[in-house]
>>> print(open('final-v9.cif').read())   # mmCIF, C-alpha atoms
data_protein
loop_
_atom_site.label_atom_id
_atom_site.label_comp_id
_atom_site.auth_asym_id
_atom_site.auth_seq_id
_atom_site.Cartn_x
_atom_site.Cartn_y
_atom_site.Cartn_z
CA MET G 1 -4.57 -6.56 25.31
CA PHE G 2 -2.35 -7.10 28.29
CA SER G 3 -4.91 -5.71 30.73
CA GLN G 4 -7.72 -7.77 29.28
CA GLY G 5 -5.58 -10.90 29.40
CA ALA G 6 -4.71 -10.10 33.01
CA THR G 7 -8.20 -9.24 34.23
CA GLN G 8 -10.41 -11.76 32.49
CA PRO G 9 -10.99 -14.98 34.43
CA LYS G 10 -10.17 -17.07 31.33
CA LEU G 11 -7.94 -16.10 28.42
CA ARG G 12 -10.75 -16.83 25.96
CA ARG G 13 -12.76 -14.00 27.57
CA ALA G 14 -10.14 -11.58 26.19
CA LEU G 15 -10.72 -12.84 22.62
CA PRO G 16 -13.19 -10.07 21.66
CA VAL G 17 -10.57 -7.37 22.22
CA VAL G 18 -7.80 -9.42 20.60
CA LEU G 19 -9.85 -10.29 17.52
CA THR G 20 -11.19 -6.76 17.13
CA ALA G 21 -7.76 -5.17 17.37
CA SER G 22 -6.31 -7.78 15.01
CA LEU G 23 -9.04 -7.22 12.42
CA ALA G 24 -8.75 -3.43 12.73
CA ASP G 25 -4.97 -3.63 12.29
CA THR G 26 -5.47 -5.90 9.28
CA LEU G 27 -7.77 -3.27 7.77
CA LEU G 28 -5.22 -0.52 8.42
CA ILE G 29 -2.38 -2.57 6.95
CA LEU G 30 -4.37 -3.44 3.83
CA SER G 31 -5.45 0.18 3.40
CA ALA G 32 -1.86 1.39 3.73
CA VAL G 33 -0.49 -1.15 1.27
CA LEU G 34 -3.32 -0.54 -1.21
CA GLY G 35 -2.53 3.15 -1.53
CA VAL G 36 -3.81 5.21 1.37
CA SER G 37 -0.20 5.89 2.36
CA ALA G 38 0.55 7.39 -1.06
CA VAL G 39 -2.37 9.80 -0.69
CA VAL G 40 -1.62 10.80 2.90
CA LEU G 41 2.09 11.24 2.29
CA THR G 42 1.38 13.71 -0.53
CA VAL G 43 -0.70 15.98 1.73
CA PRO G 44 1.69 17.37 4.37
CA TRP G 45 -0.95 19.06 6.54
CA VAL G 46 -2.74 15.72 7.03
CA LYS G 47 0.45 14.27 8.52
CA ILE G 48 0.81 17.28 10.81
CA VAL G 49 -2.82 17.19 12.00
CA LEU G 50 -2.67 13.44 12.61
CA GLY G 51 0.64 13.89 14.38
CA VAL G 52 -0.60 16.61 16.75
CA ILE G 53 -3.70 14.58 17.60
CA GLY G 54 -1.47 11.53 18.03
CA VAL G 55 0.79 13.35 20.50
CA CYS G 56 -2.23 14.44 22.56
CA PHE G 57 -3.64 10.91 22.46
CA LEU G 58 -0.33 9.38 23.54
CA LEU G 59 0.14 11.87 26.38
CA PHE G 60 -3.37 11.11 27.65
CA ILE G 61 -2.97 7.33 27.38
CA GLY G 62 0.46 7.50 29.01
CA ARG G 63 -0.92 9.49 31.94
CA ALA G 64 -3.86 7.12 32.36
CA THR G 65 -1.52 4.12 32.24
CA TRP G 66 0.89 5.63 34.75
CA ARG G 67 -1.87 6.55 37.18
CA SER G 68 -3.75 3.27 36.93
CA GLU G 69 -3.71 1.56 40.29
CA VAL G 70 -3.39 -2.17 40.61
CA HIS G 71 -5.11 -3.89 43.50
CA GLU G 72 -5.31 -7.58 44.18
CA ASP G 73 -9.09 -7.57 43.67
CA ASP G 74 -8.83 -5.73 40.32
CA ALA G 75 -8.95 -8.93 38.29
CA ALA G 76 -12.30 -10.00 39.70
CA ARG G 77 -13.77 -6.49 39.53
CA LEU G 78 -12.51 -5.61 36.04
CA ALA G 79 -13.47 -8.95 34.55
CA HIS G 80 -17.10 -8.13 35.21
CA ASP G 81 -16.74 -4.50 34.04
CA TRP G 82 -15.49 -5.41 30.56
CA PRO G 83 -18.07 -7.50 28.72
CA ALA G 84 -17.42 -8.43 25.08
CA ARG G 85 -19.25 -5.41 23.66
CA ARG G 86 -17.20 -2.95 25.73
CA GLN G 87 -13.97 -4.74 24.76
CA ILE G 88 -14.88 -4.47 21.08
CA VAL G 89 -15.75 -0.77 21.26
CA PHE G 90 -12.58 0.01 23.20
CA ALA G 91 -10.38 -2.00 20.82
CA LEU G 92 -11.95 -0.27 17.80
CA SER G 93 -11.44 3.18 19.28
CA VAL G 94 -7.82 2.54 20.23
CA SER G 95 -7.10 0.91 16.87
CA LEU G 96 -8.93 3.21 14.47
CA LEU G 97 -8.93 6.55 16.31
CA ASN G 98 -5.30 6.48 17.41
CA PRO G 99 -3.50 8.85 15.03
CA HIS G 100 -0.14 7.46 16.06
CA ALA G 101 -1.21 3.97 14.99
CA LEU G 102 -2.55 5.40 11.75
CA LEU G 103 0.70 7.22 11.07
CA ASP G 104 2.73 4.12 11.88
CA THR G 105 0.62 1.93 9.62
CA ILE G 106 0.49 4.40 6.77
CA GLY G 107 3.94 5.89 7.20
CA VAL G 108 5.92 2.77 8.00
CA ILE G 109 4.08 -0.22 6.54
CA GLY G 110 2.54 1.61 3.59
CA THR G 111 5.78 3.31 2.64
CA SER G 112 7.81 0.15 3.16
CA SER G 113 5.43 -1.80 0.93
CA LEU G 114 6.29 0.52 -1.96
CA ALA G 115 9.70 -1.17 -2.15
CA TYR G 116 8.05 -4.44 -3.20
CA ALA G 117 6.17 -5.51 -6.28
CA ASN G 118 3.61 -8.22 -7.02
CA GLY G 119 4.25 -11.43 -5.04
CA GLU G 120 6.81 -9.80 -2.76
CA ARG G 121 4.32 -7.09 -1.82
CA ILE G 122 1.69 -9.72 -1.04
CA ALA G 123 4.20 -11.65 1.09
CA PHE G 124 5.23 -8.44 2.90
CA THR G 125 1.60 -7.58 3.59
CA ALA G 126 0.81 -11.09 4.80
CA ALA G 127 3.86 -11.04 7.09
CA CYS G 128 2.76 -7.71 8.59
CA ILE G 129 -0.74 -9.04 9.21
CA VAL G 130 0.48 -12.31 10.74
CA ASN G 131 2.90 -10.42 12.99
CA SER G 132 0.11 -8.14 14.13
CA TRP G 133 -2.17 -11.04 15.03
CA VAL G 134 0.62 -12.91 16.84
CA TRP G 135 1.53 -9.74 18.76
CA PHE G 136 -2.02 -9.13 19.99
CA PHE G 137 -2.52 -12.75 21.03
CA ALA G 138 0.89 -12.77 22.73
CA LEU G 139 0.04 -9.60 24.68
CA ALA G 140 -3.18 -11.14 25.98
CA ALA G 141 -1.37 -14.38 26.88
CA ALA G 142 1.40 -12.45 28.64
CA GLY G 143 -1.26 -10.55 30.54
CA LYS G 144 -2.78 -13.82 31.68
CA LEU G 145 0.59 -15.17 32.77
CA LEU G 146 2.03 -12.07 34.44
CA GLY G 147 -0.91 -9.81 35.07
CA SER G 148 -2.22 -11.54 38.14
CA ILE G 149 0.89 -10.48 40.06
CA GLY G 150 0.06 -6.99 41.37
CA PRO G 151 3.64 -5.64 41.62
CA VAL G 152 4.45 -6.92 38.12
CA ARG G 153 1.37 -5.22 36.65
CA ARG G 154 2.20 -1.97 38.44
CA TRP G 155 5.77 -2.07 37.12
CA LEU G 156 4.59 -2.94 33.60
CA ASN G 157 2.08 -0.07 33.68
CA ARG G 158 4.88 2.34 34.57
CA VAL G 159 7.20 0.98 31.88
CA SER G 160 4.34 1.12 29.34
CA ALA G 161 3.60 4.75 30.25
CA VAL G 162 7.26 5.72 29.77
CA ILE G 163 7.35 3.95 26.39
CA ILE G 164 4.16 5.74 25.36
CA TRP G 165 5.65 9.10 26.38
CA ILE G 166 8.87 8.34 24.49
CA SER G 167 6.70 7.61 21.43
CA ALA G 168 5.02 11.00 21.90
CA VAL G 169 8.41 12.75 22.08
CA TYR G 170 9.55 10.92 18.97
CA LEU G 171 6.37 11.98 17.18
CA VAL G 172 6.94 15.61 18.23
CA TYR G 173 10.49 15.35 16.89
CA ASN G 174 9.20 14.08 13.54
CA LEU G 175 6.55 16.78 13.41
CA ALA G 176 9.20 19.44 14.02
CA ARG G 177 11.18 18.07 11.08
CA LEU G 178 8.07 18.41 8.87
CA ALA G 179 7.49 22.03 9.80
#
>>> encode(input="final-v9.cif", output="structure tokens")
Amino acid sequence: MFSQGATQPKLRRALPVVLTASLADTLLILSAVLGVSAVVLTVPWVKIVLGVIGVCFLLFIGRATWRSEVHEDDAARLAHDWPARRQIVFALSVSLLNPHALLDTIGVIGTSSLAYANGERIAFTAACIVNSWVWFFALAAAGKLLGSIGPVRRWLNRVSAVIIWISAVYLVYNLARLA
């Protein structure tokens, strides 16, 4: 989101990635609340397989983020390299094929939703969905505001990579507790 907000000439050109990720997250949240989390949480090996794949995914994404170079002409070059179709495919792959996101949605949101009944569960689900949409739009807007400054983008890429790697370590820690 941030990169697309930063590299597109107009913020509205980042809408395909924002809308796709928001819709995919909505689907994951609804699936988790409607019972997928109960099924996944009862099959321990599914959590372990998703977790191992998630760690590999996070390590790869963290490395790619750390190594990404930021040049002043990146915005112009990347804006032309990421048409709407490519943004949508990328957003779908990161949203739906990211085991860490799946585990977070199913494990955190799905499990948390079990504490609520009827109207409270609907309100909880709606709040999760609204927060997700606001987060994705805010990331794109922040990218537009801050992303054009090369040193800021480089620093944010490094911080993002470290956060991704910390998430991978945390996931490994949780997997070790399962085993």
>>> resolve_selection(input="final-v9.cif", expression="the PyMOL selection byres ((chain G and resi 146-161) around 6)", output="ChimeraX atom specification")
/G:6,62,65-66,70,142-145,162-164
>>> residues_around(input="final-v9.cif", residues="Val52 of chain G", least_positions_apart="4", cutoff="8 Å", atoms="all atoms listed in the file", output="PyMOL selection string")
chain G and resi 48+56+172+175
>>> write_last_selection(input="final-v9.cif", atoms="C-alpha atoms", output="PDB file, in the frame of the given file")
ATOM      1  CA  ILE G  48       0.810  17.280  10.810  1.00  0.00           C
ATOM      2  CA  CYS G  56      -2.230  14.440  22.560  1.00  0.00           C
ATOM      3  CA  VAL G 172       6.940  15.610  18.230  1.00  0.00           C
ATOM      4  CA  LEU G 175       6.550  16.780  13.410  1.00  0.00           C
TER       5      LEU G 175
END
>>> closest_residue(input="final-v9.cif", among="G:Gln8, G:Ser167, G:Leu178, G:Ile29", to="Ser95 of chain G", atoms="all atoms listed in the file")
G:Ile29
>>> resolve_selection(input="final-v9.cif", expression="the PyMOL selection byres ((chain G and resi 54) around 12)", output="JSON, numbers by chain")
{"G": [46, 47, 48, 49, 50, 51, 52, 53, 55, 56, 57, 58, 59, 60, 61, 62, 94, 96, 97, 98, 99, 100, 101, 102, 103, 104, 164, 165, 167, 168, 169, 170, 171, 172, 174, 175]}
>>> atom_distance(input="final-v9.cif", atom1="atom CA of Arg121 of chain G", atom2="atom CA of Thr105 of chain G")
15.0 Å
